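Asker: Hey, dropping query_16.cif in here, mmCIF, C-alpha atoms and all ligand atoms:
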```cif
data_input
loop_
_atom_site.label_atom_id
_atom_site.label_comp_id
_atom_site.auth_asym_id
_atom_site.auth_seq_id
_atom_site.Cartn_x
_atom_site.Cartn_y
_atom_site.Cartn_z
CA MET A 4 15.22 -14.63 31.28
CA LYS A 5 12.71 -12.69 33.35
CA THR A 6 11.30 -9.67 31.53
CA GLU A 7 10.41 -6.71 33.78
CA LEU A 8 7.27 -4.78 32.85
CA LEU A 9 7.84 -1.09 33.52
CA THR A 10 5.35 1.78 33.59
CA ALA A 11 6.06 4.97 31.64
CA ALA A 12 7.20 6.56 34.92
CA GLU A 13 9.96 3.99 35.44
CA THR A 14 12.41 5.50 32.97
CA ALA A 15 15.22 5.54 35.56
CA ARG A 16 15.04 1.73 35.78
CA ALA A 17 14.94 1.42 31.97
CA ALA A 18 18.00 3.68 31.72
CA GLU A 19 19.85 1.66 34.37
CA ILE A 20 19.22 -1.60 32.49
CA ILE A 21 20.49 -0.03 29.26
CA ARG A 22 23.58 1.36 30.95
CA ASN A 23 24.30 -2.12 32.34
CA GLY A 24 24.23 -3.69 28.87
CA GLY A 25 20.59 -4.89 28.92
CA LEU A 26 17.82 -4.72 26.32
CA VAL A 27 14.64 -2.67 26.84
CA ALA A 28 11.61 -2.31 24.55
CA ILE A 29 10.92 1.42 24.53
CA PRO A 30 7.87 3.32 23.30
CA THR A 31 8.41 6.00 20.67
CA GLU A 32 5.92 8.02 18.62
CA THR A 33 6.54 5.79 15.56
CA VAL A 34 6.74 2.16 16.78
CA TYR A 35 8.28 0.48 19.84
CA GLY A 36 12.09 0.22 19.67
CA LEU A 37 14.30 -2.54 21.05
CA GLY A 38 16.92 -0.41 22.75
CA ALA A 39 20.47 -1.04 23.95
CA ASN A 40 23.52 1.08 24.70
CA ALA A 41 24.80 1.92 21.21
CA LEU A 42 28.38 2.14 22.51
CA ASP A 43 28.30 -1.40 23.97
CA ALA A 44 29.01 -3.74 21.05
CA ALA A 45 28.03 -6.85 23.05
CA ALA A 46 24.63 -5.37 23.97
CA VAL A 47 24.05 -4.33 20.35
CA LYS A 48 24.93 -7.85 19.20
CA ARG A 49 22.16 -9.18 21.46
CA ILE A 50 19.60 -6.98 19.64
CA PHE A 51 20.43 -8.83 16.39
CA GLU A 52 20.22 -12.22 18.14
CA VAL A 53 16.88 -11.54 19.84
CA LYS A 54 15.25 -10.21 16.68
CA GLY A 55 16.87 -12.73 14.34
CA ARG A 56 17.99 -9.68 12.38
CA PRO A 57 20.55 -10.09 9.58
CA GLN A 58 23.92 -8.65 10.71
CA ASP A 59 24.20 -6.49 7.58
CA ASN A 60 21.07 -4.49 8.46
CA PRO A 61 22.34 -1.50 10.49
CA LEU A 62 20.55 0.12 13.43
CA ILE A 63 19.35 3.65 14.09
CA ILE A 64 20.89 5.39 17.10
CA HIS A 65 18.51 7.47 19.19
CA VAL A 66 19.61 10.68 20.89
CA SER A 67 17.76 12.97 23.27
CA SER A 68 18.73 16.20 21.49
CA ALA A 69 20.33 17.53 18.30
CA ASP A 70 23.22 18.75 20.47
CA GLU A 71 24.48 15.15 20.55
CA LEU A 72 24.95 14.98 16.76
CA ASP A 73 28.53 16.19 16.81
CA ALA A 74 29.61 13.45 19.23
CA TRP A 75 28.69 10.66 16.77
CA CYS A 76 28.71 12.28 13.32
CA ARG A 77 31.19 14.26 11.22
CA ASP A 78 30.94 16.57 8.18
CA ILE A 79 27.37 17.43 9.17
CA PRO A 80 25.84 19.56 6.38
CA ALA A 81 23.94 22.74 7.30
CA ALA A 82 20.82 21.19 5.76
CA ALA A 83 20.96 18.36 8.32
CA ARG A 84 21.07 20.84 11.17
CA ALA A 85 18.12 22.65 9.60
CA LEU A 86 16.15 19.38 9.46
CA ALA A 87 16.97 18.62 13.10
CA ALA A 88 15.82 22.11 14.11
CA GLU A 89 12.60 21.69 12.15
CA PHE A 90 11.61 18.07 12.77
CA TRP A 91 13.31 16.86 15.98
CA PRO A 92 12.12 15.46 18.21
CA GLY A 93 10.10 13.63 15.57
CA PRO A 94 9.76 10.74 13.10
CA LEU A 95 12.80 11.63 10.97
CA THR A 96 16.06 9.64 10.77
CA MET A 97 19.10 11.17 9.09
CA ILE A 98 21.98 9.24 7.56
CA LEU A 99 25.24 11.10 8.26
CA LYS A 100 28.97 10.34 8.13
CA ARG A 101 29.89 8.57 11.35
CA LYS A 102 32.65 9.11 13.86
CA SER A 103 34.68 6.06 14.91
CA ALA A 104 33.12 6.14 18.40
CA VAL A 105 30.07 4.40 16.90
CA PRO A 106 30.76 0.63 16.90
CA ASP A 107 30.78 -1.32 13.62
CA THR A 108 28.05 -3.63 14.95
CA VAL A 109 25.63 -0.66 14.94
CA THR A 110 26.40 0.49 11.40
CA ALA A 111 27.10 -2.95 9.89
CA GLY A 112 30.51 -1.60 9.00
CA LEU A 113 29.19 1.32 6.92
CA ASP A 114 30.92 4.68 6.94
CA THR A 115 27.61 6.30 7.86
CA VAL A 116 25.24 6.18 10.83
CA ALA A 117 21.47 6.65 11.10
CA VAL A 118 20.43 9.09 13.85
CA ARG A 119 17.04 10.09 15.24
CA CYS A 120 15.60 12.01 18.19
CA PRO A 121 12.22 10.42 19.03
CA ASP A 122 9.20 12.47 20.08
CA HIS A 123 8.05 10.50 23.11
CA PRO A 124 8.58 11.70 26.69
CA ALA A 125 9.44 8.23 28.08
CA ALA A 126 11.93 7.56 25.27
CA LEU A 127 13.60 10.95 25.62
CA GLU A 128 13.83 10.60 29.38
CA THR A 129 15.26 7.07 29.15
CA ILE A 130 17.93 8.14 26.65
CA ARG A 131 18.80 11.24 28.69
CA LEU A 132 19.09 9.27 31.94
CA ALA A 133 21.08 6.47 30.28
CA GLY A 134 23.58 9.11 29.18
CA VAL A 135 24.42 7.15 26.02
CA PRO A 136 22.92 6.97 22.53
CA VAL A 137 20.40 4.13 22.31
CA ALA A 138 20.59 1.79 19.31
CA ALA A 139 17.09 0.59 18.57
CA PRO A 140 15.47 -1.22 15.66
CA SER A 141 11.74 -1.91 15.80
CA ALA A 142 10.88 -4.15 18.78
CA ASN A 143 9.49 -7.06 16.75
CA LEU A 144 10.91 -10.34 15.53
CA SER A 145 12.69 -9.69 12.24
CA GLY A 146 10.34 -9.69 9.23
CA LYS A 147 7.14 -9.49 11.31
CA PRO A 148 4.85 -6.46 11.66
CA SER A 149 6.35 -3.82 13.95
CA THR A 150 5.05 -3.42 17.50
CA THR A 151 2.90 -0.38 18.29
CA THR A 152 1.70 -1.32 21.80
CA ALA A 153 3.37 -2.78 24.89
CA GLN A 154 1.07 -5.83 24.45
CA HIS A 155 2.65 -6.50 21.02
CA CYS A 156 6.10 -6.33 22.66
CA ILE A 157 4.99 -8.68 25.45
CA HIS A 158 3.77 -11.11 22.79
CA ASP A 159 6.99 -11.05 20.75
CA LEU A 160 9.69 -10.47 23.35
CA THR A 161 8.72 -11.87 26.79
CA GLY A 162 11.61 -13.95 28.13
CA LYS A 163 13.97 -12.54 25.47
CA VAL A 164 14.59 -8.99 26.72
CA ASP A 165 15.31 -7.46 30.14
CA ALA A 166 12.37 -5.06 30.23
CA ILE A 167 9.40 -3.62 28.36
CA LEU A 168 8.49 0.00 29.08
CA ASP A 169 4.77 0.60 28.57
CA GLY A 170 4.21 4.04 27.07
CA GLY A 171 0.80 3.30 25.55
CA PRO A 172 -0.03 2.96 21.85
CA CYS A 173 2.26 4.72 19.35
CA ARG A 174 0.83 7.91 17.85
CA VAL A 175 2.32 7.70 14.33
CA GLY A 176 2.28 3.91 13.94
CA VAL A 177 4.81 3.52 11.08
CA GLU A 178 8.58 3.81 11.31
CA SER A 179 10.49 7.05 10.81
CA THR A 180 11.27 8.58 7.44
CA ILE A 181 14.93 7.88 6.61
CA VAL A 182 16.71 10.57 4.59
CA ASP A 183 20.29 10.18 3.39
CA MET A 184 22.02 13.51 4.04
CA THR A 185 25.39 12.31 2.70
CA VAL A 186 24.27 12.71 -0.93
CA ARG A 187 23.05 15.71 -2.92
CA PRO A 188 20.21 16.14 -3.39
CA PRO A 189 19.25 14.30 -0.19
CA ARG A 190 17.49 11.02 -0.82
CA ILE A 191 14.60 9.40 1.02
CA LEU A 192 15.51 5.75 1.72
CA ARG A 193 12.28 4.94 3.56
CA PRO A 194 9.04 6.95 3.62
CA GLY A 195 7.56 7.52 7.08
CA GLY A 196 5.92 9.96 9.45
CA ILE A 197 7.62 13.06 7.96
CA THR A 198 6.41 13.41 4.39
CA LEU A 199 8.29 14.14 1.16
CA GLU A 200 6.32 17.37 0.92
CA GLN A 201 7.49 18.47 4.40
CA LEU A 202 11.13 17.66 3.58
CA GLU A 203 10.97 19.54 0.27
CA ARG A 204 9.87 22.67 2.09
CA THR A 205 13.15 22.66 4.07
CA LEU A 206 15.51 21.02 1.56
CA GLY A 207 14.24 21.96 -1.90
CA ARG A 208 14.79 19.00 -4.22
CA VAL A 209 14.67 15.54 -2.61
CA ARG A 210 15.10 12.21 -4.37
CA THR A 211 12.66 9.47 -3.50
CA GLU A 212 13.82 6.11 -4.81
CA THR A 213 12.42 3.55 -2.43
CA SER A 214 12.29 0.68 -4.88
CA PRO A 215 13.52 -2.74 -3.74
CA VAL A 216 17.13 -3.59 -4.48
CA LYS A 217 17.92 -6.02 -7.31
CA SER A 218 20.06 -9.00 -6.37
CA GLY A 219 23.75 -8.24 -6.76
CA GLU A 220 23.31 -4.51 -6.21
CA THR A 221 24.57 -2.97 -2.95
CA PRO A 222 21.57 -1.57 -1.09
CA LYS A 223 21.88 1.96 0.25
CA ALA A 224 19.52 1.20 3.13
CA PRO A 225 20.42 -2.45 3.68
CA GLY A 226 17.06 -3.17 5.29
CA MET A 227 15.34 -2.48 1.97
CA LYS A 228 16.25 -5.83 0.49
CA TYR A 229 14.41 -7.94 3.06
CA ARG A 230 10.74 -8.96 3.13
CA HIS A 231 9.34 -7.04 6.02
CA TYR A 232 6.36 -6.23 8.15
CA SER A 233 4.75 -9.53 7.14
CA PRO A 234 2.18 -11.57 8.96
CA LYS A 235 2.34 -15.36 8.53
CA ALA A 236 -0.55 -15.23 6.04
CA GLU A 237 0.09 -14.19 2.43
CA VAL A 238 -0.77 -10.51 1.90
CA THR A 239 -2.12 -9.26 -1.44
CA ILE A 240 -2.81 -5.59 -2.17
CA ILE A 241 -6.01 -5.16 -4.12
CA LYS A 242 -6.70 -2.05 -6.19
CA SER A 243 -9.39 -0.74 -8.51
CA ASP A 244 -11.04 2.58 -9.34
CA ILE A 245 -14.33 0.74 -8.97
CA LYS A 246 -14.83 -0.43 -5.39
CA GLN A 247 -17.47 -2.98 -6.29
CA LYS A 248 -14.86 -4.89 -8.34
CA ILE A 249 -12.74 -5.23 -5.19
CA TYR A 250 -15.72 -6.43 -3.16
CA ASP A 251 -16.75 -8.95 -5.84
CA TYR A 252 -13.22 -10.32 -6.24
CA VAL A 253 -12.60 -10.81 -2.51
CA ASN A 254 -16.09 -12.22 -1.95
CA SER A 255 -15.45 -14.84 -4.64
CA MET A 256 -12.79 -16.31 -2.32
CA PRO A 257 -13.79 -18.86 0.34
CA ASP A 258 -14.69 -17.27 3.69
CA GLU A 259 -12.53 -19.82 5.45
CA GLY A 260 -8.90 -18.71 5.58
CA THR A 261 -9.52 -15.28 4.01
CA ALA A 262 -9.21 -11.95 5.84
CA VAL A 263 -9.53 -8.35 4.67
CA LEU A 264 -7.64 -5.26 5.77
CA CYS A 265 -10.14 -2.61 4.75
CA PHE A 266 -11.15 1.01 5.24
CA ASP A 267 -13.54 2.15 7.97
CA GLY A 268 -17.14 1.19 7.23
CA GLU A 269 -16.24 -1.46 4.60
CA SER A 270 -16.60 -4.62 6.73
CA GLY A 271 -20.25 -4.92 5.69
CA SER A 272 -19.14 -5.26 2.05
CA PHE A 273 -17.26 -8.48 2.90
CA PRO A 274 -19.94 -10.59 4.63
CA GLY A 275 -18.55 -13.77 6.22
CA LYS A 276 -14.92 -12.64 5.97
CA LEU A 277 -12.70 -11.73 8.92
CA CYS A 278 -12.18 -7.95 8.54
CA ALA A 279 -10.08 -5.29 10.23
CA GLU A 280 -10.95 -1.68 9.47
CA TYR A 281 -7.64 0.19 9.75
CA GLY A 282 -8.58 3.77 9.06
CA ALA A 283 -10.78 6.18 7.17
CA GLU A 284 -10.36 6.27 3.38
CA GLY A 285 -8.57 9.54 2.57
CA ASP A 286 -7.07 9.76 6.07
CA ALA A 287 -3.67 8.09 5.80
CA PHE A 288 -2.73 9.22 9.32
CA SER A 289 -5.41 7.01 10.83
CA MET A 290 -4.29 4.09 8.64
CA ALA A 291 -0.64 4.50 9.64
CA GLU A 292 -1.60 4.49 13.29
CA ARG A 293 -3.51 1.20 13.10
CA LEU A 294 -1.77 -0.64 10.23
CA PHE A 295 0.51 -2.94 12.24
CA ALA A 296 -2.02 -3.63 15.00
CA CYS A 297 -4.58 -4.69 12.35
CA LEU A 298 -2.07 -6.89 10.48
CA ARG A 299 -1.33 -8.62 13.80
CA GLU A 300 -5.06 -8.96 14.57
CA LEU A 301 -5.64 -10.69 11.21
CA ASP A 302 -2.64 -12.99 11.58
CA ARG A 303 -4.63 -15.83 13.14
CA GLU A 304 -3.77 -19.54 12.84
CA ASP A 305 -6.78 -20.14 10.59
CA ILE A 306 -6.04 -17.27 8.16
CA THR A 307 -3.92 -18.06 5.10
CA ARG A 308 -4.51 -14.99 2.91
CA ILE A 309 -5.11 -11.33 3.64
CA TYR A 310 -6.42 -8.91 1.00
CA ALA A 311 -5.41 -5.33 1.74
CA ARG A 312 -6.86 -2.02 0.63
CA CYS A 313 -4.12 0.56 0.09
CA PRO A 314 -4.35 4.39 0.32
CA SER A 315 -3.20 6.73 -2.46
CA GLY A 316 0.54 7.34 -2.30
CA GLU A 317 0.67 10.93 -1.04
CA GLY A 318 1.79 12.32 2.29
CA VAL A 319 1.82 9.65 4.99
CA GLY A 320 -0.06 7.41 2.51
CA ARG A 321 3.33 6.85 0.86
CA ALA A 322 4.62 5.22 4.05
CA VAL A 323 1.49 3.08 4.45
CA CYS A 324 1.74 1.88 0.80
CA ASN A 325 5.46 1.16 1.24
CA ARG A 326 4.84 -1.07 4.30
CA LEU A 327 1.98 -2.89 2.57
CA GLU A 328 4.08 -3.44 -0.56
CA LYS A 329 6.85 -4.95 1.58
CA ALA A 330 4.38 -7.04 3.57
CA SER A 331 2.89 -8.37 0.33
CA GLY A 332 6.27 -9.11 -1.21
CA GLY A 333 5.02 -7.10 -4.22
CA ARG A 334 1.80 -9.12 -4.72
CA ILE A 335 -0.60 -6.52 -6.12
CA ILE A 336 -3.81 -7.18 -8.03
CA CYS A 337 -5.24 -4.32 -10.12
CA LEU A 338 -8.82 -4.96 -11.22
P1 LIG B 1 14.44 -0.46 11.82
O1 LIG B 1 15.11 0.17 12.97
O2 LIG B 1 14.09 -1.90 12.03
O3 LIG B 1 13.30 0.37 11.39
O4 LIG B 1 15.47 -0.44 10.65
C1 LIG B 1 16.37 0.64 10.49
C2 LIG B 1 16.51 0.97 9.05
O5 LIG B 1 17.51 1.99 8.93
C3 LIG B 1 16.94 -0.19 8.19
O6 LIG B 1 16.16 -0.23 7.02
C4 LIG B 1 18.38 0.14 7.86
O7 LIG B 1 18.76 -0.38 6.63
C5 LIG B 1 18.38 1.66 7.89
N1 LIG B 1 19.71 2.18 8.22
C6 LIG B 1 20.31 2.17 9.41
N2 LIG B 1 21.55 2.69 9.34
C7 LIG B 1 21.75 3.02 8.05
C8 LIG B 1 22.84 3.62 7.33
N3 LIG B 1 23.98 3.94 7.91
N4 LIG B 1 22.68 3.82 6.01
C9 LIG B 1 21.52 3.50 5.40
N5 LIG B 1 20.45 2.95 6.04
C10 LIG B 1 20.57 2.72 7.33
MG MG B 2 12.06 -2.87 11.63
#
```
If you took the structure in this file and wrote it as structure tokens, what would it be?
Ligand code: AMP
Ligand code: MG
Answerer:
Amino acid sequence: MKTELLTAAETARAAEIIRNGGLVAIPTETVYGLGANALDAAAVKRIFEVKGRPQDNPLIIHVSSADELDAWCRDIPAAARALAAEFWPGPLTMILKRKSAVPDTVTAGLDTVAVRCPDHPAALETIRLAGVPVAAPSANLSGKPSTTTAQHCIHDLTGKVDAILDGGPCRVGVESTIVDMTVRPPRILRPGGITLEQLERTLGRVRTETSPVKSGETPKAPGMKYRHYSPKAEVTIIKSDIKQKIYDYVNSMPDEGTAVLCFDGESGSFPGKLCAEYGAEGDAFSMAERLFACLRELDREDITRIYARCPSGEGVGRAVCNRLEKASGGRIICL
């Protein structure tokens, strides 16, 4: 299949492809999404095939305004409307009861649907012009780090999708916060660009369980049970209150095959190792923005293990830690 490369101005073409049942990688403020007409079950099925995504992992539908909520959702609580008014367009996905117009392929047969209004002009324009909700998971191969530039999408998806819309690098860099609005108090299923603290200001009490699901248990966000965001190399999170212990430990490993995902200015502490500085210590926003690009950069043929520095788990740091924990499959060394 030939993949068209579109500029951010070519949203009409992107919308046309989506309307005709095609797949388009679309920029959003969080990560790139692999979009299709959410009402076209065959097009949605192709998203799963292209990504190699398990069928039981439902998709988020993207709308261009909160006015569209009533078309796809029912029993919408007032608190959900308040969140939409406060945070949309933006990196917040709400789980709501679904109407039957949303195909089962999108929701993996659940009685609920995930909805978001992205804060990116090219995404909003594409959805508006398509005139349909756009189902879109992250535009990466399933399990791999998400795509935050058009170049990442070209790498992963050329020949597999109809078009890639280049909207530049993503501003937030990690996926949206998912909050389940069908339970009380509302529950965060995935931390992301909108923080717990921000949600609490609008909602009051919010539950935060984001722990992985034990085998046999039914996951509330089905995507939580899969290893995710992972480069080919084995990722290990490395923590200590004493930085020198981290430097000494990593430097005791052979240079060959070892890479380090570190904070700005730390490369010099790992002489001989391949390093990617992904953000300033204490500035989780900068880390979120560069996390996936740096994981991709370090995922070279010759690299077998990546040691990762992790921010403290507050604000957007919670989302960064969550992605690193998933990428590492829970491999954490505390020194
Ligand atoms: P992705 O688009 O790849 O970031 O993945 C979407 C995430 O949303 C996955 O983790 C899904 O499990 C989650 N999700 C989508 N729809 C629902 C739903 N109805 N209920 C709970 N989680 C959902
Ligand atoms: Mg994803």
Asker: Given only C-alpha atoms and all ligand atoms as the basis, pick out the residue of A:Thr33, A:Ser270, A:Thr10, A:Thr110 nearest to ligand LIG 1 (chain B).
Answerer: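 Among the listed residues, A:Thr110 lies closest to ligand LIG 1 (chain B).
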Asker: Give as number ranges by chain the residues surrounding ligand LIG 1 (chain B) up to a distance of 9 Å, considering all atoms listed in the file.
Answerer: A: 34, 36-37, 56, 59-64, 96-101, 109-118, 138-143, 145, 149, 178-179, 181-183, 192-193, 222-229
Asker: Taking only C-alpha atoms into account, which of A:Gly170, A:Pro80, A:Ala46, A:Trp75 comes nearest Glu13 in chain A?
Answerer: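 Of A:Gly170, A:Pro80, A:Ala46, A:Trp75, the one nearest Glu13 in chain A, counting only C-alpha atoms, is A:Gly170.
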Asker: Hey, can you check how far CA of Asp165 in chain A sits from CA of Pro30 in chain A?
Answerer: 14.8 Å
Asker: Could you tell me how far CA of Gly24 in chain A sits from CA of Ala12 in chain A, in Å to one decimal place?
Answerer: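 So the two atoms, CA of Ala12 in chain A and CA of Gly24 in chain A, lie 20.8 Å apart.
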Asker: Quick one, how far is CA of Lys276 in chain A from CA of Ala296 in chain A?
Answerer: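 Separation between CA of Lys276 in chain A and CA of Ala296 in chain A: 18.1 Å.
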Asker: Quick one: of A:Gly268, A:Gly176, A:Pro234, A:Pro194, who's nearest to Pro148 in chain A, counting all atoms listed in the file?
Answerer: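 Counting all atoms listed in the file, the residue closest to Pro148 in chain A is A:Pro234.
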Asker: List the neighbours of Ala81 in chain A out to 12 Å using only C-alpha atoms; skip same-chain residues closer than 5 positions along the sequence, and give me the result as JSON, numbers by chain.
Answerer: {"A": [86, 87, 88, 99, 184, 185, 205, 206]}
Asker: Just write the chosen residues, C-alpha atoms, as a PDB file, in the frame of the given file.
Answerer:
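Printed below is part.pdb as written:
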```
ATOM      1  CA  LEU A  86      16.150  19.380   9.460  1.00  0.00           C
ATOM      2  CA  ALA A  87      16.970  18.620  13.100  1.00  0.00           C
ATOM      3  CA  ALA A  88      15.820  22.110  14.110  1.00  0.00           C
ATOM      4  CA  LEU A  99      25.240  11.100   8.260  1.00  0.00           C
ATOM      5  CA  MET A 184      22.020  13.510   4.040  1.00  0.00           C
ATOM      6  CA  THR A 185      25.390  12.310   2.700  1.00  0.00           C
ATOM      7  CA  THR A 205      13.150  22.660   4.070  1.00  0.00           C
ATOM      8  CA  LEU A 206      15.510  21.020   1.560  1.00  0.00           C
TER       9      LEU A 206
END
```
Asker: Of the candidates A:Ile20, A:Val238, A:Leu301, A:Ala262, which shows the shortest atom-to-atom distance to Ala330 in chain A, using only C-alpha atoms?
Answerer: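 Closest to Ala330 in chain A, using only C-alpha atoms: A:Val238.
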Asker: Kindly indicate which residue among A:Leu168, A:Leu144, A:Leu9, A:Val175 lies nearest to ligand MG 2 (chain B), using all atoms listed in the file for the distances.
Answerer: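 Closest to ligand MG 2 (chain B) of all the choices is A:Leu144.
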